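Structure file query-v1.cif (mmCIF, C-alpha atoms and all ligand atoms) is printed below.
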```
data_upload
loop_
_atom_site.label_atom_id
_atom_site.label_comp_id
_atom_site.auth_asym_id
_atom_site.auth_seq_id
_atom_site.Cartn_x
_atom_site.Cartn_y
_atom_site.Cartn_z
CA MET A 786 107.43 -92.85 -122.99
CA GLY A 787 107.03 -91.60 -126.54
CA VAL A 788 106.95 -87.87 -127.18
CA TYR A 789 104.93 -86.64 -130.15
CA SER A 790 103.98 -83.34 -131.71
CA TYR A 791 100.88 -82.60 -133.72
CA SER A 792 102.96 -82.35 -136.91
CA LYS A 793 104.63 -85.71 -136.23
CA LEU A 794 101.22 -87.41 -135.93
CA ASP A 795 99.91 -85.54 -138.95
CA THR A 796 102.94 -86.57 -141.06
CA PHE A 797 102.36 -90.24 -140.22
CA GLU A 798 98.73 -89.99 -141.25
CA LYS A 799 99.53 -88.22 -144.52
CA CYS A 800 102.58 -90.19 -145.73
CA LYS A 801 104.35 -92.94 -143.82
CA LEU A 802 107.44 -92.74 -146.02
CA LYS A 803 107.84 -89.05 -145.21
CA TYR A 804 107.48 -89.94 -141.53
CA LYS A 805 110.32 -92.44 -141.90
CA TYR A 806 112.58 -89.94 -143.70
CA LYS A 807 111.93 -87.28 -141.09
CA TYR A 808 111.53 -88.98 -137.72
CA ILE A 809 113.26 -92.35 -138.06
CA ASP A 810 116.10 -91.75 -140.53
CA LYS A 811 116.28 -88.11 -139.37
CA ILE A 812 117.27 -86.91 -142.84
CA ILE A 813 117.81 -83.16 -142.92
CA PRO A 814 116.34 -81.98 -146.24
CA LYS A 815 118.64 -79.98 -148.47
CA ILE A 816 116.16 -77.30 -149.32
CA PRO A 817 116.52 -73.61 -148.59
CA LYS A 818 114.04 -71.83 -146.36
CA SER A 819 111.07 -70.58 -148.41
CA ILE A 820 110.07 -66.94 -148.59
CA GLU A 821 106.66 -67.93 -147.19
CA ALA A 822 108.35 -69.39 -144.09
CA HIS A 823 110.45 -66.22 -143.72
CA LEU A 824 107.35 -64.03 -143.99
CA GLY A 825 105.47 -66.23 -141.50
CA SER A 826 108.21 -66.19 -138.87
CA CYS A 827 108.73 -62.40 -139.11
CA VAL A 828 104.98 -61.73 -138.71
CA HIS A 829 104.71 -64.20 -135.79
CA GLU A 830 107.71 -62.66 -134.03
CA THR A 831 106.34 -59.13 -134.45
CA LEU A 832 102.94 -60.12 -133.06
CA GLU A 833 104.67 -61.76 -130.10
CA TRP A 834 106.69 -58.55 -129.56
CA LEU A 835 103.50 -56.46 -129.83
CA TYR A 836 101.70 -58.44 -127.12
CA LYS A 837 104.80 -58.41 -124.89
CA GLN A 838 104.66 -54.59 -125.01
CA VAL A 839 100.93 -54.72 -124.19
CA LEU A 840 101.59 -57.02 -121.21
CA ASN A 841 104.13 -54.43 -120.04
CA GLY A 842 101.42 -51.76 -120.18
CA ASP A 843 102.43 -50.14 -123.46
CA VAL A 844 100.39 -50.34 -126.68
CA PRO A 845 102.85 -49.72 -129.55
CA LEU A 846 101.95 -47.33 -132.34
CA ILE A 847 101.39 -48.84 -135.78
CA ASN A 848 104.64 -47.35 -137.12
CA GLU A 849 106.55 -49.02 -134.26
CA VAL A 850 104.99 -52.36 -135.20
CA ILE A 851 105.99 -51.92 -138.85
CA GLU A 852 109.48 -50.86 -137.78
CA ASP A 853 109.84 -53.99 -135.65
CA TYR A 854 108.70 -56.17 -138.55
CA SER A 855 111.06 -54.44 -141.01
CA GLU A 856 114.04 -54.93 -138.68
CA ARG A 857 113.24 -58.63 -138.28
CA TRP A 858 112.80 -59.03 -142.03
CA ILE A 859 116.29 -57.65 -142.67
CA LYS A 860 117.95 -59.42 -139.71
CA ASN A 861 116.50 -62.89 -140.52
CA TYR A 862 116.82 -62.67 -144.30
CA THR A 863 119.49 -64.77 -146.03
CA PRO A 864 120.14 -64.71 -149.80
CA ASP A 865 119.44 -68.44 -150.20
CA ILE A 866 115.76 -67.97 -149.25
CA ALA A 867 113.81 -69.36 -152.19
CA ILE A 868 111.06 -67.52 -154.08
CA ASN A 869 109.11 -70.09 -156.07
CA SER A 870 106.39 -67.81 -157.41
CA SER A 871 106.91 -66.49 -160.92
CA ASN A 872 104.76 -63.40 -160.43
CA LEU A 873 105.75 -62.24 -156.93
CA LYS A 874 109.01 -60.51 -156.03
CA LEU A 875 110.81 -60.19 -152.70
CA GLU A 876 109.25 -56.79 -151.96
CA ASP A 877 105.76 -58.18 -152.65
CA TYR A 878 106.25 -60.70 -149.84
CA PHE A 879 107.62 -57.98 -147.55
CA ASN A 880 104.57 -55.81 -148.31
CA LYS A 881 102.22 -58.70 -147.63
CA GLY A 882 103.55 -58.84 -144.06
CA ILE A 883 102.92 -55.12 -143.61
CA GLU A 884 99.39 -55.55 -144.92
CA PHE A 885 98.70 -58.48 -142.54
CA LEU A 886 99.99 -56.54 -139.53
CA LEU A 887 98.18 -53.35 -140.46
CA LYS A 888 94.82 -55.10 -140.77
CA TYR A 889 95.37 -57.08 -137.57
CA TYR A 890 96.39 -53.91 -135.70
CA LEU A 891 93.35 -51.91 -136.80
CA LYS A 892 90.98 -54.75 -135.95
CA HIS A 893 92.39 -55.67 -132.53
CA LYS A 894 93.75 -52.44 -131.07
CA PRO A 895 94.01 -51.85 -128.02
CA PHE A 896 94.71 -55.62 -127.66
CA ASN A 897 92.96 -55.78 -124.27
CA ASP A 898 91.57 -59.30 -124.52
CA ASN A 899 93.33 -60.54 -121.37
CA THR A 900 96.43 -62.15 -122.83
CA LEU A 901 97.84 -64.67 -120.36
CA PHE A 902 100.69 -66.38 -122.22
CA LEU A 903 102.73 -65.95 -125.40
CA GLU A 904 104.45 -68.77 -127.28
CA GLU A 905 103.36 -71.15 -124.57
CA LYS A 906 104.49 -74.77 -124.49
CA ILE A 907 101.60 -77.14 -123.93
CA GLU A 908 101.72 -80.80 -122.97
CA LEU A 909 99.13 -83.52 -123.07
CA ASP A 910 99.64 -86.87 -121.33
CA LEU A 911 97.94 -89.85 -122.90
CA LEU A 912 97.61 -93.13 -121.04
CA ASP A 913 96.70 -96.24 -122.96
CA LYS A 914 94.61 -98.09 -120.34
CA GLU A 915 95.00 -101.41 -122.14
CA THR A 916 98.79 -101.49 -122.46
CA LYS A 917 99.50 -99.02 -119.61
CA SER A 918 101.80 -97.24 -122.03
CA GLU A 919 102.17 -93.50 -121.39
CA ASN A 920 102.82 -90.97 -124.14
CA LYS A 921 103.05 -87.23 -124.36
CA ILE A 922 102.04 -84.75 -127.04
CA ILE A 923 103.81 -81.41 -126.91
CA GLY A 924 103.25 -78.25 -128.89
CA TYR A 925 103.53 -74.47 -128.82
CA VAL A 926 100.62 -72.09 -129.13
CA ASP A 927 101.01 -68.51 -130.34
CA ARG A 928 98.91 -66.87 -127.63
CA ILE A 929 96.46 -67.77 -124.85
CA SER A 930 93.92 -65.30 -123.52
CA PHE A 931 90.95 -65.41 -121.15
CA ASN A 932 87.59 -64.13 -122.33
CA GLU A 933 85.89 -63.02 -119.10
CA LYS A 934 82.53 -62.44 -120.75
CA ASN A 935 82.32 -66.03 -122.05
CA ASN A 936 84.36 -67.50 -119.16
CA GLU A 937 86.42 -69.13 -121.88
CA ILE A 938 90.10 -69.77 -122.52
CA GLU A 939 91.03 -68.70 -126.06
CA ILE A 940 93.93 -70.24 -127.92
CA HIS A 941 95.10 -68.05 -130.78
CA ASP A 942 96.95 -69.38 -133.80
CA TYR A 943 98.14 -67.02 -136.57
CA LYS A 944 98.12 -68.29 -140.13
CA THR A 945 100.02 -66.36 -142.81
CA SER A 946 99.41 -68.80 -145.65
CA SER A 947 97.30 -67.69 -148.58
CA THR A 948 95.00 -70.67 -148.20
CA MET A 949 92.06 -70.35 -145.87
CA PHE A 950 90.90 -73.66 -144.45
CA GLN A 951 87.27 -74.56 -144.76
CA LYS A 952 85.51 -74.53 -141.39
CA GLU A 953 84.58 -78.19 -141.87
CA MET A 954 88.26 -79.10 -142.28
CA THR A 955 89.32 -77.27 -139.15
CA GLU A 956 86.54 -78.85 -137.12
CA THR A 957 87.83 -82.31 -137.87
CA SER A 958 91.42 -81.36 -137.08
CA LYS A 959 92.96 -83.15 -134.12
CA GLN A 960 95.00 -80.04 -133.41
CA LEU A 961 92.17 -78.22 -131.65
CA ALA A 962 91.33 -81.23 -129.51
CA ILE A 963 94.96 -81.56 -128.43
CA TYR A 964 95.13 -77.86 -127.55
CA SER A 965 91.77 -77.98 -125.73
CA MET A 966 92.71 -80.97 -123.61
CA ALA A 967 96.13 -79.48 -122.79
CA ALA A 968 94.53 -76.12 -121.88
CA LYS A 969 92.01 -77.83 -119.59
CA LYS A 970 94.94 -79.48 -117.82
CA ILE A 971 96.44 -76.04 -117.14
CA PHE A 972 93.29 -74.04 -116.37
CA GLY A 973 90.90 -76.70 -115.03
CA GLU A 974 88.54 -79.24 -116.52
CA ASP A 975 85.55 -76.95 -115.91
CA LYS A 976 86.90 -74.25 -118.26
CA ASN A 977 85.55 -73.92 -121.77
CA VAL A 978 88.22 -73.65 -124.41
CA CYS A 979 88.06 -72.38 -127.98
CA LEU A 980 90.63 -72.19 -130.74
CA ILE A 981 90.79 -69.04 -132.84
CA TRP A 982 92.59 -69.37 -136.14
CA HIS A 983 93.52 -65.89 -137.41
CA PHE A 984 93.85 -66.02 -141.19
CA LEU A 985 95.86 -62.84 -141.60
CA ALA A 986 95.75 -62.83 -145.39
CA TYR A 987 91.95 -62.73 -145.26
CA ASP A 988 91.53 -60.52 -142.18
CA ASN A 989 89.26 -63.26 -140.93
CA GLU A 990 88.98 -65.73 -138.07
CA ILE A 991 87.60 -69.22 -137.63
CA ILE A 992 86.55 -70.15 -134.10
CA ILE A 993 86.19 -73.80 -133.16
CA ARG A 994 84.87 -75.43 -129.99
CA LYS A 995 84.67 -79.08 -129.02
CA ASN A 996 82.49 -80.66 -126.35
CA LYS A 997 83.55 -83.25 -123.76
CA GLU A 998 82.35 -86.23 -125.80
CA GLU A 999 84.18 -85.03 -128.90
CA LEU A 1000 87.37 -84.56 -126.90
CA GLU A 1001 87.12 -88.09 -125.48
CA GLU A 1002 86.62 -89.43 -128.98
CA VAL A 1003 89.75 -87.68 -130.26
CA LYS A 1004 91.71 -88.84 -127.21
CA ASP A 1005 90.87 -92.46 -128.09
CA GLU A 1006 91.85 -91.83 -131.73
CA LEU A 1007 95.19 -90.36 -130.64
CA ILE A 1008 95.95 -93.34 -128.41
CA LYS A 1009 95.08 -95.69 -131.29
CA LEU A 1010 97.22 -93.70 -133.72
CA ILE A 1011 100.26 -93.72 -131.43
CA LYS A 1012 99.84 -97.47 -130.93
CA GLU A 1013 99.81 -97.89 -134.71
CA ILE A 1014 102.95 -95.74 -135.11
CA GLU A 1015 104.81 -97.74 -132.48
CA ASN A 1016 103.92 -101.05 -134.13
CA THR A 1017 104.62 -99.97 -137.71
CA THR A 1018 107.55 -101.54 -139.53
CA ASN A 1019 106.46 -100.81 -143.07
CA PHE A 1020 106.39 -97.21 -144.33
CA PRO A 1021 104.73 -97.05 -147.76
CA PRO A 1022 104.62 -93.79 -149.75
CA ASN A 1023 101.41 -91.93 -150.32
CA PRO A 1024 101.95 -89.92 -153.52
CA SER A 1025 99.50 -87.03 -153.80
CA LYS A 1026 99.45 -83.35 -154.70
CA LEU A 1027 101.08 -82.75 -151.28
CA CYS A 1028 104.32 -84.14 -152.77
CA ASN A 1029 104.78 -80.74 -154.44
CA TRP A 1030 105.40 -79.21 -151.01
CA CYS A 1031 107.23 -82.18 -149.48
CA GLU A 1032 110.78 -81.36 -148.37
CA TYR A 1033 111.85 -84.89 -149.39
CA LYS A 1034 110.51 -84.82 -152.95
CA ASP A 1035 114.06 -84.68 -154.39
CA ILE A 1036 115.06 -87.96 -152.75
CA CYS A 1037 111.70 -89.70 -152.89
CA PRO A 1038 111.33 -91.87 -156.03
CA TYR A 1039 107.53 -91.74 -155.77
CA SER A 1040 107.26 -87.95 -156.03
CA LYS A 1041 107.82 -88.18 -159.80
CA LEU A 1042 104.47 -89.88 -160.13
CA VAL A 1043 102.71 -86.65 -159.25
CA CYS A 1044 105.21 -83.73 -159.43
S1 LIG B 1101 107.35 -86.89 -151.98
FE1 LIG B 1101 105.27 -87.59 -151.60
S2 LIG B 1101 105.37 -89.82 -151.46
FE2 LIG B 1101 107.45 -89.01 -151.24
S3 LIG B 1101 107.77 -88.81 -149.06
FE3 LIG B 1101 107.05 -86.84 -149.76
S4 LIG B 1101 104.82 -86.91 -149.49
FE4 LIG B 1101 105.57 -89.01 -149.38
#
```

Take the structure I supplied and represent it as structure tokens, if you would.
Ligand code: SF4
Amino acid sequence: MGVYSYSKLDTFEKCKLKYKYKYIDKIIPKIPKSIEAHLGSCVHETLEWLYKQVLNGDVPLINEVIEDYSERWIKNYTPDIAINSSNLKLEDYFNKGIEFLLKYYLKHKPFNDNTLFLEEKIELDLLDKETKSENKIIGYVDRISFNEKNNEIEIHDYKTSSTMFQKEMTETSKQLAIYSMAAKKIFGEDKNVCLIWHFLAYDNEIIIRKNKEELEEVKDELIKLIKEIENTTNFPPNPSKLCNWCEYKDICPYSKLVC
């Protein structure tokens, strides 16, 4: 049985050479953690802490939330964390996190949207009826809640990047379909599921839903994609503007074509 994650599948679709470096050769890239990744993990951890307090019956005050974030920022910070922007300093990134949390707090307080799980592992089994081969897709979701009014399971995903996806892009993403199918496995096929992407930098959300037919379509695509991965022996590069953010650009000879 092959075990896949959404990012593993996505890497294969975007650049097969990167897939080989990462998942076959298992090369650990020699690049320091970026400041964006540090900011993202501190904000995610603080939001997880916030909802844990809420589940325990205590809504933290905004200054307690900021204090938690500040402590994580200091505890997780290491001097090798890279700042690639020429016009932003370390404190600007720190302040961005405060701004994200402040806006989120004011919008969602008292956080009573029926949170069920935090940082939940989800699994989706995929059976290829032709070959009888069984595969699994695993992933972690930031938060799952139940909207009683809509009788709908909500999967929340926090985004701290400064790029907001276009709704059309998110609708075609396989990620939602994987999450929806996995959530239906946990909560029942009759449950409606939606994915809420919280774009914290924009204080905005994108909500996506998929119907049964669309889910079946994606399921078939996933089975086909995994079959292709398992039969692939040739891993050509796919140089594009994404090479600029590729962790293997220093060892990849093709990155120079675009970077
Ligand atoms: S640098 Fe570009 S071409 Fe090379 S592995 Fe990364 S994404 Fe692929």

> Counting all atoms listed in the file, which of A:His823, A:Lys803, A:Lys997, A:Lys969 gets nearest to Asp910 of chain A?
Replying inline: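 Using all atoms listed in the file, Asp910 of chain A sits closest to A:Lys969.
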
>> Which residue is closest to Pro895 of chain A? Choose from A:Tyr836, A:Glu856, A:Asn935, A:Thr945 and count all atoms listed in the file.
In response: A:Tyr836

Give me, as a Markdown table, the closest atom pair and its distance (Å, one decimal) for every residue of chain A within a cut-off of 12 Å of ligand LIG 1101 (chain B), counting only C-alpha atoms and all ligand atoms, rows sorted by chain and rising number.
```
| residue | atom | partner | partner_atom | distance |
| --- | --- | --- | --- | --- |
| A:Asp795 | CA | B:LIG1101 | S4 | 11.7 |
| A:Thr796 | CA | B:LIG1101 | S4 | 8.6 |
| A:Phe797 | CA | B:LIG1101 | FE4 | 9.8 |
| A:Glu798 | CA | B:LIG1101 | FE4 | 10.7 |
| A:Lys799 | CA | B:LIG1101 | S4 | 7.4 |
| A:Cys800 | CA | B:LIG1101 | FE4 | 4.9 |
| A:Lys801 | CA | B:LIG1101 | FE4 | 6.9 |
| A:Leu802 | CA | B:LIG1101 | S3 | 5.0 |
| A:Lys803 | CA | B:LIG1101 | S3 | 3.9 |
| A:Tyr804 | CA | B:LIG1101 | S3 | 7.6 |
| A:Lys805 | CA | B:LIG1101 | S3 | 8.4 |
| A:Tyr806 | CA | B:LIG1101 | S3 | 7.3 |
| A:Lys807 | CA | B:LIG1101 | S3 | 9.1 |
| A:Tyr808 | CA | B:LIG1101 | S3 | 11.9 |
| A:Ile812 | CA | B:LIG1101 | S3 | 11.5 |
| A:Pro814 | CA | B:LIG1101 | FE3 | 11.1 |
| A:Phe1020 | CA | B:LIG1101 | FE4 | 9.7 |
| A:Pro1021 | CA | B:LIG1101 | S2 | 8.1 |
| A:Pro1022 | CA | B:LIG1101 | S2 | 4.4 |
| A:Asn1023 | CA | B:LIG1101 | S2 | 4.6 |
| A:Pro1024 | CA | B:LIG1101 | S2 | 4.0 |
| A:Ser1025 | CA | B:LIG1101 | FE1 | 6.2 |
| A:Lys1026 | CA | B:LIG1101 | FE1 | 7.8 |
| A:Leu1027 | CA | B:LIG1101 | S4 | 5.9 |
| A:Cys1028 | CA | B:LIG1101 | FE1 | 3.8 |
| A:Asn1029 | CA | B:LIG1101 | S1 | 7.1 |
| A:Trp1030 | CA | B:LIG1101 | S4 | 7.9 |
| A:Cys1031 | CA | B:LIG1101 | FE3 | 4.7 |
| A:Glu1032 | CA | B:LIG1101 | FE3 | 6.8 |
| A:Tyr1033 | CA | B:LIG1101 | FE3 | 5.2 |
| A:Lys1034 | CA | B:LIG1101 | S1 | 3.9 |
| A:Asp1035 | CA | B:LIG1101 | S1 | 7.5 |
| A:Ile1036 | CA | B:LIG1101 | S1 | 7.8 |
| A:Cys1037 | CA | B:LIG1101 | FE2 | 4.6 |
| A:Pro1038 | CA | B:LIG1101 | FE2 | 6.8 |
| A:Tyr1039 | CA | B:LIG1101 | S2 | 5.2 |
| A:Ser1040 | CA | B:LIG1101 | S1 | 4.2 |
| A:Lys1041 | CA | B:LIG1101 | S1 | 7.9 |
| A:Leu1042 | CA | B:LIG1101 | S2 | 8.7 |
| A:Val1043 | CA | B:LIG1101 | FE1 | 8.1 |
| A:Cys1044 | CA | B:LIG1101 | S1 | 8.4 |
```

Edge lengths and centre in Å, axis-aligned, segment 891-897 of chain A plus 5 Å each side, as lines of an AutoDock Vina configuration file:
```
center_x = 92.8
center_y = -53.8
center_z = -130.5
size_x = 13.7
size_y = 13.9
size_z = 22.5
```

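Pairwise distance (atom CA of Glu1015 of chain A, atom CA of Glu999 of chain A) equals 24.5 Å.
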
>> Taking 4 positions as the minimum chain separation for residues in the same chain, which residues sit within 6 Å of segment 871-886 of chain A when counting all atoms listed in the file? Answer as a VMD selection string.
In response: chain A and resid 890 985 to 986

> Which residue, A:Glu939, A:Asp853, A:Lys995, A:Leu1000, has the smallest gap to Phe972 of chain A when you use only C-alpha atoms?
Replying inline: A:Glu939

>> Could you tell me how far atom CA of Asn996 of chain A sits from atom CA of Gly973 of chain A, in Å to one decimal place?
In response: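 Result for atom CA of Gly973 of chain A versus atom CA of Asn996 of chain A: 14.6 Å, one decimal.
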
> Closest to Gln960 of chain A among A:Asp942, A:Asp913, A:Glu919, A:Asp810, using all atoms listed in the file?
Replying inline: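 Checking each candidate against Gln960 of chain A, we get A:Asp942 as the closest.
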
> For Leu832 of chain A, which of A:Asp927, A:Glu905, A:Asp865, A:Glu933 is the closest residue, counting all atoms listed in the file?
Replying inline: A:Asp927
